[in-house]
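**Student:** One structure, pasted below without further comment.
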Amino acid sequence: MAVDQKLKDKMCEQIRNELHAAYLYLGVSEYFESMALKGLAKWMLHHAKEEIEHAMKFYRHLVDRNERITFHQIEAVNSNYKSPLEAAKAAYNHEVKVTKQINDLYKLADDVHDPAAKELLLWFAKEQVEEEEVTRTLVDLLTLAQNDTKELLLIDYRYGKSAKKDHEEDEEED
Ligand SMILES: [Fe+2]
Ligand SMILES: [Fe+2]
């Protein structure tokens, strides 16, 4: 079954949105690098890579359904954050935005009775619950730490360790 034109257009935009998220998180990771927060940089880099995988899920869905893809321009990002907290907030706010995009897409897929697209989008909707949770937790921890360098380094260490674990799990999956 061909994908409804409007749904297809929105999915193509979502490929761009997910790649923009990857770009934004790469900027956040690079900001953490510049602050010598290597653990947080690694954790955020892992997230950037996940966003590329998200874009690829939409890409694969459309290609498998014999649809042609429109490649939109990816917006520039500014990684000059004022603090680690501000950088984390940028990631969290972006996740909230993406959740809305996914929910709108789900509504559209439902309106045009496209069960395959709905199933794909349901996966994304659940993923967004997790994505909001992890980025919100980082915001909360950095809010608690405020300007306490020791606390900040502890958070950095913890996130570095969890990024290492994620990386090992990725390798097991490959
Ligand atoms: Fe995503
Ligand atoms: Fe995300």
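Chain identifiers are assigned as A, B, and so on, following the order in which chains appear in the structure tokens; residues are numbered from 1 within each chain, and ligands are numbered from 1 in order of appearance.
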Counting only C-alpha atoms and all ligand atoms, what residues are within 10 Å of ligand 1, given as a count of residues only?
**Tutor:** 28
**Student:** So the first atom is atom CA of A:Ile74 and the second is atom CA of A:Asp166; what is the distance between them in Å, to one decimal place?
**Tutor:** 27.1 Å
**Student:** Which residues are near stretch 33-46 of chain A? Cut-off 9 Å, only C-alpha atoms, ignore same chain within fewer than 3 positions. Put them as number ranges by chain.
**Tutor:** A: 22, 25-26, 28-30, 49-51, 84, 152-153, 155-164, 166-167
**Student:** Would you list the contacts of A:Glu133 as a list in words, taking every protein, DNA or RNA residue within 12 Å and counting only C-alpha atoms, but skipping same-chain residues closer than 6 positions in sequence?
**Tutor:**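 Returned residues: Ala91, Tyr92, Asn93, Glu95, Val96, Thr99, Lys126, Glu127, Val139 and Asp140 of chain A.
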**Student:** Using only C-alpha atoms, which of A:Ser79, A:Cys12, A:Asp148, A:Glu132 sits nearest A:Lys97?
**Tutor:** A:Glu132
**Student:** Please return, as a PyMOL selection string, all residues of chain A that DSSP assigns to helix (DSSP H, G or I) on the basis of the backbone.
**Tutor:** chain A and resi 5-34+38-64+84-111+115-145+149-173
**Student:** Looking at only C-alpha atoms, which of A:Glu151, A:Glu119, A:Asp104, A:Leu142 is the one that sits closest to A:Lys6?
**Tutor:**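 Nearest candidate to A:Lys6 out of A:Glu151, A:Glu119, A:Asp104, A:Leu142: A:Asp104.
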**Student:** One decimal, in Å: what's the spacing between atom CA of A:Ala109 and atom CA of A:Val129?
**Tutor:** 19.5 Å
**Student:** What is the distance, in Å and to one decimal place, between atom CA of A:Tyr106 and atom CA of A:Val77?
**Tutor:**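 Calculated distance between atom CA of A:Tyr106 and atom CA of A:Val77 is 27.3 Å.
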**Student:** Of the residues A:Leu154, A:Ile69, A:Ala76, A:Val134, which is the one nearest to ligand 2, using only C-alpha atoms and all ligand atoms?
**Tutor:**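 Looking at the shortest contact to ligand 2, the residue is A:Val134.
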**Student:** Measuring atom to atom with only C-alpha atoms and all ligand atoms, identify which of A:Glu75, A:Tyr23, A:Asp110, A:Leu62 is nearest to ligand 2.
**Tutor:**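 Using only C-alpha atoms and all ligand atoms, ligand 2 sits closest to A:Tyr23.
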**Student:** If we count only C-alpha atoms, what is near A:Leu7 at a cut-off of 9 Å, once residues fewer than 4 positions away on the same chain are taken out, given as a PyMOL selection string?
**Tutor:** chain A and resi 3+11-12+105+108-109+112+117
**Student:** When distances are computed from only C-alpha atoms and all ligand atoms, which of A:Ala145, A:Ala90, A:Leu120, A:Met1 shows the smallest separation from ligand 2?
**Tutor:** A:Ala90
